[in-house]
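Enquirer: File data00.pdb below, PDB, C-alpha atoms:
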ATOM      1  CA  MET Q 259     -43.396 -18.996  16.677  1.00  0.00           C
ATOM      2  CA  THR Q 260     -40.087 -18.608  18.519  1.00  0.00           C
ATOM      3  CA  LEU Q 261     -38.268 -19.899  15.429  1.00  0.00           C
ATOM      4  CA  TYR Q 262     -39.717 -17.012  13.381  1.00  0.00           C
ATOM      5  CA  LEU Q 263     -38.763 -14.565  16.108  1.00  0.00           C
ATOM      6  CA  ILE Q 264     -35.203 -15.873  16.198  1.00  0.00           C
ATOM      7  CA  LEU Q 265     -34.961 -15.746  12.391  1.00  0.00           C
ATOM      8  CA  ALA Q 266     -36.349 -12.185  12.410  1.00  0.00           C
ATOM      9  CA  LEU Q 267     -33.791 -11.117  15.022  1.00  0.00           C
ATOM     10  CA  ILE Q 268     -30.955 -12.727  13.031  1.00  0.00           C
ATOM     11  CA  ALA Q 269     -32.160 -11.007   9.852  1.00  0.00           C
ATOM     12  CA  ALA Q 270     -32.410  -7.668  11.683  1.00  0.00           C
ATOM     13  CA  LEU Q 271     -28.887  -8.139  13.077  1.00  0.00           C
ATOM     14  CA  ILE Q 272     -27.497  -8.945   9.619  1.00  0.00           C
ATOM     15  CA  ILE Q 273     -29.239  -5.909   8.128  1.00  0.00           C
ATOM     16  CA  PHE Q 274     -27.874  -3.738  10.953  1.00  0.00           C
ATOM     17  CA  ILE Q 275     -24.320  -5.032  10.434  1.00  0.00           C
ATOM     18  CA  ILE Q 276     -24.524  -4.423   6.677  1.00  0.00           C
ATOM     19  CA  ALA Q 277     -25.915  -0.897   7.165  1.00  0.00           C
ATOM     20  CA  ALA Q 278     -23.316  -0.065   9.816  1.00  0.00           C
ATOM     21  CA  TYR Q 279     -20.493  -1.416   7.667  1.00  0.00           C
ATOM     22  CA  ASN Q 280     -21.678   0.650   4.701  1.00  0.00           C
ATOM     23  CA  ARG Q 281     -21.847   3.802   6.873  1.00  0.00           C
ATOM     24  CA  LEU Q 282     -18.283   3.179   8.029  1.00  0.00           C
ATOM     25  CA  VAL Q 283     -17.100   2.615   4.462  1.00  0.00           C
ATOM     26  CA  LYS Q 284     -18.767   5.848   3.364  1.00  0.00           C
ATOM     27  CA  ALA Q 285     -17.146   7.795   6.211  1.00  0.00           C
ATOM     28  CA  ARG Q 286     -13.741   6.279   5.450  1.00  0.00           C
ATOM     29  CA  GLN Q 287     -14.086   7.186   1.767  1.00  0.00           C
ATOM     30  CA  MET Q 288     -15.021  10.760   2.686  1.00  0.00           C
ATOM     31  CA  SER Q 289     -11.854  11.044   4.768  1.00  0.00           C
ATOM     32  CA  HIS Q 290      -9.773   9.597   1.902  1.00  0.00           C
ATOM     33  CA  ASN Q 291     -11.418  12.072  -0.469  1.00  0.00           C
ATOM     34  CA  GLY Q 292     -10.691  14.922   1.931  1.00  0.00           C
ATOM     35  CA  TRP Q 293      -7.045  13.908   2.174  1.00  0.00           C
ATOM     36  CA  ALA Q 294      -6.780  13.729  -1.619  1.00  0.00           C
ATOM     37  CA  ASP Q 295      -8.169  17.284  -1.856  1.00  0.00           C
ATOM     38  CA  ILE Q 296      -5.575  18.514   0.633  1.00  0.00           C
ATOM     39  CA  ASP Q 297      -2.843  16.705  -1.263  1.00  0.00           C
ATOM     40  CA  VAL Q 298      -3.851  18.331  -4.564  1.00  0.00           C
ATOM     41  CA  GLN Q 299      -3.763  21.819  -3.061  1.00  0.00           C
ATOM     42  CA  LEU Q 300      -0.460  21.218  -1.265  1.00  0.00           C
ATOM     43  CA  LYS Q 301       1.033  20.000  -4.537  1.00  0.00           C
ATOM     44  CA  ARG Q 302      -0.283  23.118  -6.267  1.00  0.00           C
ATOM     45  CA  ARG Q 303       1.371  25.290  -3.618  1.00  0.00           C
ATOM     46  CA  ALA Q 304       4.603  23.347  -3.954  1.00  0.00           C
ATOM     47  CA  ASP Q 305       4.495  23.949  -7.715  1.00  0.00           C
ATOM     48  CA  LEU Q 306       3.841  27.691  -7.308  1.00  0.00           C
ATOM     49  CA  ILE Q 307       6.668  28.323  -4.871  1.00  0.00           C
ATOM     50  CA  PRO Q 308       9.565  27.672  -7.317  1.00  0.00           C
ATOM     51  CA  ALA Q 309       8.006  30.100  -9.816  1.00  0.00           C
ATOM     52  CA  LEU Q 310       7.683  32.675  -7.052  1.00  0.00           C
ATOM     53  CA  VAL Q 311      11.286  32.070  -5.965  1.00  0.00           C
ATOM     54  CA  ASN Q 312      12.518  32.499  -9.548  1.00  0.00           C
ATOM     55  CA  THR Q 313      10.645  35.778  -9.885  1.00  0.00           C
ATOM     56  CA  VAL Q 314      12.015  37.121  -6.613  1.00  0.00           C
ATOM     57  CA  GLN Q 315      15.541  35.910  -7.429  1.00  0.00           C
ATOM     58  CA  GLY Q 316      15.640  38.276 -10.388  1.00  0.00           C
ATOM     59  CA  TYR Q 317      15.220  41.209  -8.001  1.00  0.00           C
ATOM     60  CA  ALA Q 318      16.872  39.913  -4.847  1.00  0.00           C
ATOM     61  CA  GLY Q 319      19.578  37.550  -6.040  1.00  0.00           C
ATOM     62  CA  HIS Q 320      21.685  38.117  -2.911  1.00  0.00           C
ATOM     63  CA  GLU Q 321      19.033  36.439  -0.695  1.00  0.00           C
ATOM     64  CA  LYS Q 322      20.503  33.009  -1.470  1.00  0.00           C
ATOM     65  CA  THR Q 323      20.104  31.600   2.053  1.00  0.00           C
ATOM     66  CA  LEU Q 324      16.364  32.305   2.009  1.00  0.00           C
ATOM     67  CA  PHE Q 325      15.985  30.662  -1.404  1.00  0.00           C
ATOM     68  CA  ALA Q 326      17.979  27.611  -0.305  1.00  0.00           C
ATOM     69  CA  ASP Q 327      15.908  27.378   2.890  1.00  0.00           C
ATOM     70  CA  ILE Q 328      12.645  27.483   0.920  1.00  0.00           C
ATOM     71  CA  ALA Q 329      13.899  24.819  -1.485  1.00  0.00           C
ATOM     72  CA  GLU Q 330      14.831  22.578   1.459  1.00  0.00           C
ATOM     73  CA  ARG Q 331      11.455  23.121   3.139  1.00  0.00           C
ATOM     74  CA  ARG Q 332       9.668  22.333  -0.123  1.00  0.00           C
ATOM     75  CA  SER Q 333      11.636  19.075  -0.466  1.00  0.00           C
ATOM     76  CA  ARG Q 334      10.750  18.076   3.099  1.00  0.00           C
ATOM     77  CA  ALA Q 335       7.079  18.881   2.505  1.00  0.00           C
ATOM     78  CA  LEU Q 336       6.952  16.789  -0.668  1.00  0.00           C
ATOM     79  CA  ALA Q 337       8.717  13.911   1.093  1.00  0.00           C
ATOM     80  CA  ALA Q 338       6.389  13.952   4.133  1.00  0.00           C
ATOM     81  CA  GLY Q 339       3.920  11.603   2.439  1.00  0.00           C
ATOM     82  CA  ASP Q 340       0.442  10.772   3.693  1.00  0.00           C
ATOM     83  CA  ASN Q 341       1.035  11.036   7.435  1.00  0.00           C
ATOM     84  CA  PRO Q 342      -1.143  14.034   8.412  1.00  0.00           C
ATOM     85  CA  GLY Q 343       0.992  14.961  11.430  1.00  0.00           C
ATOM     86  CA  ALA Q 344       4.317  14.886   9.592  1.00  0.00           C
ATOM     87  CA  ARG Q 345       2.786  16.537   6.548  1.00  0.00           C
ATOM     88  CA  ALA Q 346       1.248  19.322   8.648  1.00  0.00           C
ATOM     89  CA  ASN Q 347       4.606  20.104  10.260  1.00  0.00           C
ATOM     90  CA  ALA Q 348       6.460  20.096   6.953  1.00  0.00           C
ATOM     91  CA  GLU Q 349       3.793  22.141   5.196  1.00  0.00           C
ATOM     92  CA  GLY Q 350       3.710  24.618   8.082  1.00  0.00           C
ATOM     93  CA  ALA Q 351       7.448  25.165   7.702  1.00  0.00           C
ATOM     94  CA  LEU Q 352       7.032  25.594   3.946  1.00  0.00           C
ATOM     95  CA  GLY Q 353       4.232  28.107   4.487  1.00  0.00           C
ATOM     96  CA  LYS Q 354       6.484  30.134   6.791  1.00  0.00           C
ATOM     97  CA  GLY Q 355       9.186  30.154   4.119  1.00  0.00           C
ATOM     98  CA  ALA Q 356       6.727  31.280   1.472  1.00  0.00           C
ATOM     99  CA  GLY Q 357       5.498  33.982   3.841  1.00  0.00           C
ATOM    100  CA  LYS Q 358       9.053  35.242   4.269  1.00  0.00           C
ATOM    101  CA  LEU Q 359       9.418  35.310   0.511  1.00  0.00           C
ATOM    102  CA  ILE Q 360       6.259  37.396   0.128  1.00  0.00           C
ATOM    103  CA  ALA Q 361       7.338  39.688   2.966  1.00  0.00           C
ATOM    104  CA  LEU Q 362      10.721  40.162   1.286  1.00  0.00           C
ATOM    105  CA  ALA Q 363       8.938  41.849  -1.614  1.00  0.00           C
ATOM    106  CA  GLU Q 364       8.266  44.814   0.676  1.00  0.00           C
ATOM    107  CA  ASP Q 365      11.967  45.682   0.371  1.00  0.00           C
ATOM    108  CA  TYR Q 366      11.818  45.737  -3.442  1.00  0.00           C
ATOM    109  CA  PRO Q 367       9.284  48.220  -4.872  1.00  0.00           C
ATOM    110  CA  ASP Q 368       9.990  47.116  -8.465  1.00  0.00           C
ATOM    111  CA  LEU Q 369       9.193  43.520  -7.490  1.00  0.00           C
ATOM    112  CA  LYS Q 370       5.924  44.555  -5.848  1.00  0.00           C
ATOM    113  CA  ALA Q 371       4.897  46.144  -9.155  1.00  0.00           C
ATOM    114  CA  ASN Q 372       5.937  43.116 -11.248  1.00  0.00           C
ATOM    115  CA  THR Q 373       2.851  41.602 -12.897  1.00  0.00           C
ATOM    116  CA  ASN Q 374       4.202  38.048 -12.783  1.00  0.00           C
ATOM    117  CA  PHE Q 375       4.988  38.359  -9.078  1.00  0.00           C
ATOM    118  CA  LEU Q 376       1.525  39.778  -8.336  1.00  0.00           C
ATOM    119  CA  GLU Q 377      -0.182  36.970 -10.264  1.00  0.00           C
ATOM    120  CA  LEU Q 378       1.893  34.331  -8.470  1.00  0.00           C
ATOM    121  CA  GLN Q 379       1.190  35.983  -5.138  1.00  0.00           C
ATOM    122  CA  ASN Q 380      -2.561  35.968  -5.871  1.00  0.00           C
ATOM    123  CA  GLU Q 381      -2.464  32.324  -6.974  1.00  0.00           C
ATOM    124  CA  LEU Q 382      -0.581  31.395  -3.814  1.00  0.00           C
ATOM    125  CA  SER Q 383      -3.125  33.261  -1.702  1.00  0.00           C
ATOM    126  CA  GLU Q 384      -6.009  31.490  -3.459  1.00  0.00           C
ATOM    127  CA  THR Q 385      -4.269  28.157  -2.983  1.00  0.00           C
ATOM    128  CA  GLU Q 386      -3.808  28.834   0.735  1.00  0.00           C
ATOM    129  CA  ASN Q 387      -7.554  29.491   0.976  1.00  0.00           C
ATOM    130  CA  LYS Q 388      -8.279  26.233  -0.858  1.00  0.00           C
ATOM    131  CA  ILE Q 389      -5.912  24.367   1.472  1.00  0.00           C
ATOM    132  CA  GLU Q 390      -7.797  25.782   4.460  1.00  0.00           C
ATOM    133  CA  TYR Q 391     -11.137  24.700   2.978  1.00  0.00           C
ATOM    134  CA  ALA Q 392      -9.812  21.221   2.114  1.00  0.00           C
ATOM    135  CA  ARG Q 393      -8.322  20.899   5.615  1.00  0.00           C
ATOM    136  CA  ARG Q 394     -11.688  21.741   7.194  1.00  0.00           C
ATOM    137  CA  PHE Q 395     -13.491  19.241   4.955  1.00  0.00           C
ATOM    138  CA  TYR Q 396     -10.940  16.516   5.738  1.00  0.00           C
ATOM    139  CA  ASN Q 397     -11.014  17.167   9.476  1.00  0.00           C
ATOM    140  CA  GLY Q 398     -14.826  17.065   9.429  1.00  0.00           C
ATOM    141  CA  ALA Q 399     -14.775  13.736   7.589  1.00  0.00           C
ATOM    142  CA  VAL Q 400     -12.171  12.377  10.026  1.00  0.00           C
ATOM    143  CA  ARG Q 401     -14.225  13.592  12.988  1.00  0.00           C
ATOM    144  CA  GLU Q 402     -17.288  11.774  11.633  1.00  0.00           C
ATOM    145  CA  LEU Q 403     -15.322   8.578  10.961  1.00  0.00           C
ATOM    146  CA  ASN Q 404     -13.606   8.645  14.353  1.00  0.00           C
ATOM    147  CA  THR Q 405     -16.924   9.269  16.106  1.00  0.00           C
ATOM    148  CA  MET Q 406     -18.477   6.265  14.372  1.00  0.00           C
ATOM    149  CA  ILE Q 407     -15.487   4.076  15.200  1.00  0.00           C
ATOM    150  CA  GLU Q 408     -15.665   5.025  18.881  1.00  0.00           C
ATOM    151  CA  SER Q 409     -19.484   4.937  19.274  1.00  0.00           C
ATOM    152  CA  PHE Q 410     -21.337   1.899  20.498  1.00  0.00           C
ATOM    153  CA  PRO Q 411     -22.407  -0.370  18.774  1.00  0.00           C
ATOM    154  CA  LEU Q 412     -20.545   0.734  15.626  1.00  0.00           C
ATOM    155  CA  ASN Q 413     -17.248   0.290  17.474  1.00  0.00           C
ATOM    156  CA  LEU Q 414     -17.898  -3.465  17.588  1.00  0.00           C
ATOM    157  CA  ILE Q 415     -18.363  -3.606  13.829  1.00  0.00           C
ATOM    158  CA  ALA Q 416     -15.504  -1.174  13.118  1.00  0.00           C
ATOM    159  CA  GLY Q 417     -13.073  -3.214  15.188  1.00  0.00           C
ATOM    160  CA  GLY Q 418     -14.184  -6.449  13.591  1.00  0.00           C
ATOM    161  CA  PHE Q 419     -13.690  -5.128  10.067  1.00  0.00           C
ATOM    162  CA  GLY Q 420     -10.402  -3.293  10.710  1.00  0.00           C
ATOM    163  CA  PHE Q 421     -11.577   0.318  10.570  1.00  0.00           C
ATOM    164  CA  ALA Q 422      -9.017   2.548  12.275  1.00  0.00           C
ATOM    165  CA  ARG Q 423      -9.056   6.092  13.573  1.00  0.00           C
ATOM    166  CA  ARG Q 424      -7.508   8.694  11.300  1.00  0.00           C
ATOM    167  CA  GLU Q 425      -5.317  11.598  12.341  1.00  0.00           C
ATOM    168  CA  TYR Q 426      -6.465  15.193  11.930  1.00  0.00           C
ATOM    169  CA  PHE Q 427      -4.520  17.562   9.673  1.00  0.00           C
ATOM    170  CA  GLU Q 428      -3.707  20.345  12.097  1.00  0.00           C
ATOM    171  CA  ILE Q 429      -1.308  23.236  11.998  1.00  0.00           C
ATOM    172  CA  ASN Q 430       0.779  24.437  14.895  1.00  0.00           C
ATOM    173  CA  ASP Q 431      -0.024  27.716  16.636  1.00  0.00           C
ATOM    174  CA  SER Q 432       3.324  29.064  15.437  1.00  0.00           C
ATOM    175  CA  ASP Q 433       2.266  28.382  11.830  1.00  0.00           C
ATOM    176  CA  ARG Q 434      -0.720  30.688  12.264  1.00  0.00           C
ATOM    177  CA  ALA Q 435       1.505  33.678  13.011  1.00  0.00           C
ATOM    178  CA  VAL Q 436       2.114  36.262  10.333  1.00  0.00           C
ATOM    179  CA  PRO Q 437       5.689  35.892   9.069  1.00  0.00           C
ATOM    180  CA  VAL Q 438       8.059  38.679  10.004  1.00  0.00           C
ATOM    181  CA  VAL Q 439      11.196  39.196   7.981  1.00  0.00           C
ATOM    182  CA  GLY Q 440      14.015  40.954   9.693  1.00  0.00           C
ATOM    183  CA  ALA Q 441      17.741  41.244   9.116  1.00  0.00           C
ATOM    184  CA  ASP Q 442      18.288  37.960  11.012  1.00  0.00           C
ATOM    185  CA  ASP Q 443      15.834  36.022   8.834  1.00  0.00           C
ATOM    186  CA  VAL Q 444      17.383  36.664   5.447  1.00  0.00           C
TER     187      VAL Q 444
END
Produce C-alpha cells that represent the structure in this file.

Expert:
Amino acid sequence: MTLYLILALIAALIIFIIAAYNRLVKARQMSHNGWADIDVQLKRRADLIPALVNTVQGYAGHEKTLFADIAERRSRALAAGDNPGARANAEGALGKGAGKLIALAEDYPDLKANTNFLELQNELSETENKIEYARRFYNGAVRELNTMIESFPLNLIAGGFGFARREYFEINDSDRAVPVVGADDV
C-alpha cells in the first residue's frame, strides 16, 4: 500500500512540475509577445518621424539644430536594442524631440494647414496611443511572469529551469511632460 502511495505522490509531483513549467513558459511567451508589440510600434514611430521632419523642413528649413537633434535621438533609439531600460530612455528622448517638432508647427500657420503634416501628426498620435497600449500589455505580462518566478513553489521550478525576471518598460517622469518649445530649444 505504501508503494502505491509513494508512486502516486511521485506522479502528482511530476504532474505539478510539468504544469508549473508550462505556466512559466506561457508567461514568458506573453512577455516576449508584449515586447515584440512594443518593438513594432516603436519602429513605426521611428519610420514616421523622418517623414514628419521632411515635411516641417520645407516650412522651417532654418531649424537645422532641431532636425539634427531628432535624427540623433532616432539613431540612439534604434540602436538601443531589446534592453527595456535603455530602450525606454532612448525612446523617451525621441518622443521629446518629436514633441518639439509638433510644437514647432505652432509657429508656422501654413504648416499647420498642410494636409501631409496633419496626416503624419495624426498617425504619430495614433502610434503613441498604440505604444502606450503595448507598453501596458507588456508590463502586465512581465508582472505576471515575475510574480510566478518569485512565488513559492514556482520559484523552485523557475530557478531550476533558468527562468529569469524581466525588466519593465517604463518611462521617466520627465518624459510624461508636455514638450515646450522656446527660443532656447530651437

Enquirer: Which residue out of Q:Ala269, Q:Leu336, Q:Ile275, Q:Ala363 has the minimum interatomic distance to Glu321 in chain Q when only C-alpha atoms are used?

Expert: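 Nearest to Glu321 in chain Q: Q:Ala363.
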
Enquirer: Measuring atom to atom with only C-alpha atoms, identify which of Q:Leu282, Q:Ala270, Q:Val298, Q:Ala309 is nearest to Gly417 in chain Q.

Expert: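 That would be Q:Leu282, the residue with the smallest distance to Gly417 in chain Q.
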
Enquirer: Taking the file as shown, find all residues satisfying the PyMOL selection byres ((chain Q and resi 375) around 10) and write them as a list of chain:residue names.

Expert: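 Taken over the shown coordinates, the PyMOL selection byres ((chain Q and resi 375) around 10) returns Q:Ala309, Q:Leu310, Q:Val311, Q:Asn312, Q:Thr313, Q:Val314, Q:Ile360, Q:Ala363, Q:Leu369, Q:Lys370, Q:Ala371, Q:Asn372, Q:Thr373, Q:Asn374, Q:Leu376, Q:Glu377, Q:Leu378, Q:Gln379, Q:Asn380, Q:Glu381.
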
Enquirer: If the box runs along x, y and z of the file and leaves 8 Å on each side of range 274-280 of chain Q, what are its centre and edge lengths in Å, one decimal, as AutoDock Vina command-line options?

Expert:
--center_x -24.2 --center_y -2.2 --center_z 7.8 --size_x 23.4 --size_y 21.7 --size_z 22.3

Enquirer: Which residues match the PyMOL selection byres ((chain Q and resi 386-399) around 6) in the file above, as a ChimeraX atom specification?

Expert: /Q:288-289,292-293,295-296,299,383-385,400-402,426

Enquirer: Quote the spacing between CA of Gly420 in chain Q and CA of Ile272 in chain Q in Å to one decimal place.

Expert: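 CA of Ile272 in chain Q lies 18.0 Å from CA of Gly420 in chain Q.
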
Enquirer: May I have the residues within 10 Å of Phe274 in chain Q as a list in words, using all atoms listed in the file and disregarding those fewer than 6 positions away in the same chain?

Expert: Ile268, Asn280, Leu412 and Ile415 of chain Q

Enquirer: Please, what distance in Å, to one decimal, runs between CA of Thr405 in chain Q and CA of Gly339 in chain Q?

Expert: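 For CA of Thr405 in chain Q relative to CA of Gly339 in chain Q, the distance reads 25.0 Å.
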
Enquirer: List the residues matched by the PyMOL selection byres ((chain Q and resi 326) around 12) in the displayed structure as a list in words, ordered by chain and then by residue number.

Expert: Pro308, Val311, Asn312, Gln315, Gly319, His320, Glu321, Lys322, Thr323, Leu324, Phe325, Asp327, Ile328, Ala329, Glu330, Arg331, Arg332, Ser333, Leu352, Gly355, Ala356, Leu359 and Val444 of chain Q

Enquirer: Point out the residue among Q:Ala361, Q:Ala294, Q:Leu267, Q:Ile307 with the least atom-to-atom distance to Asp340 in chain Q, counting all atoms listed in the file.

Expert: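 Under the stated criterion, the closest residue is Q:Ala294.
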
Enquirer: With all atoms listed in the file as the counted atoms, please give the residues lying no more than 12 Å from Ile429 in chain Q, apart from itself and same-chain residues fewer than 2 positions off, as number ranges by chain.

Expert: Q: 342-354, 389-390, 393-394, 397, 426-427, 431-435

Enquirer: Quick check, in Å to one decimal: how far apart do CA of Arg286 in chain Q and CA of Ile273 in chain Q lie?

Expert: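 Value for the CA of Arg286 in chain Q-CA of Ile273 in chain Q distance: 19.9 Å.
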
Enquirer: Which one of Q:Ala422, Q:Lys358, Q:Pro367, Q:Ala335 sits closest to Arg303 in chain Q if you count only C-alpha atoms?

Expert: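 Under the stated criterion, the closest residue is Q:Ala335.
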
Enquirer: Using the block above, I'd like range 388-435 of chain Q written out, keeping C-alpha atoms and formatting it as a compact mmCIF listing (two decimals), in the first residue's frame.

Expert:
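This is the output file result_7.txt:
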# COMPACT_ATOMS: atom_id res chain seq x y z
CA LYS Q 388 -0.60 52.05 -29.61
CA ILE Q 389 2.80 52.26 -27.90
CA GLU Q 390 1.05 53.06 -24.61
CA TYR Q 391 -1.30 50.09 -25.04
CA ALA Q 392 1.56 47.74 -25.99
CA ARG Q 393 3.60 49.00 -23.02
CA ARG Q 394 0.72 48.25 -20.64
CA PHE Q 395 0.26 44.77 -22.11
CA TYR Q 396 3.99 44.04 -21.88
CA ASN Q 397 4.28 45.33 -18.32
CA GLY Q 398 1.26 43.22 -17.31
CA ALA Q 399 2.83 40.12 -18.85
CA VAL Q 400 6.15 40.89 -17.14
CA ARG Q 401 4.38 41.43 -13.82
CA GLU Q 402 2.68 38.03 -14.15
CA LEU Q 403 5.94 36.30 -15.11
CA ASN Q 404 7.92 37.97 -12.34
CA THR Q 405 5.24 37.10 -9.79
CA MET Q 406 5.35 33.45 -10.81
CA ILE Q 407 9.15 33.40 -10.69
CA GLU Q 408 9.17 34.86 -7.18
CA SER Q 409 6.22 32.86 -5.75
CA PHE Q 410 6.68 29.64 -3.85
CA PRO Q 411 6.77 26.84 -5.05
CA LEU Q 412 7.05 28.07 -8.66
CA ASN Q 413 10.30 29.83 -7.77
CA LEU Q 414 11.91 26.42 -7.22
CA ILE Q 415 10.91 25.27 -10.68
CA ALA Q 416 11.70 28.63 -12.32
CA GLY Q 417 15.20 28.67 -10.86
CA GLY Q 418 15.82 25.08 -11.87
CA PHE Q 419 14.81 25.69 -15.47
CA GLY Q 420 16.54 29.07 -15.89
CA PHE Q 421 13.53 31.39 -15.95
CA ALA Q 422 14.65 34.94 -15.17
CA ARG Q 423 12.87 38.11 -14.16
CA ARG Q 424 12.22 40.59 -16.95
CA GLU Q 425 12.54 44.35 -16.75
CA TYR Q 426 9.51 46.62 -17.08
CA PHE Q 427 9.31 49.12 -19.94
CA GLU Q 428 8.86 52.35 -18.03
CA ILE Q 429 9.14 55.97 -18.99
CA ASN Q 430 10.69 58.67 -16.87
CA ASP Q 431 8.53 61.31 -15.21
CA SER Q 432 10.23 63.94 -17.37
CA ASP Q 433 9.08 62.06 -20.49
CA ARG Q 434 5.46 62.47 -19.41
CA ALA Q 435 5.70 66.26 -19.52
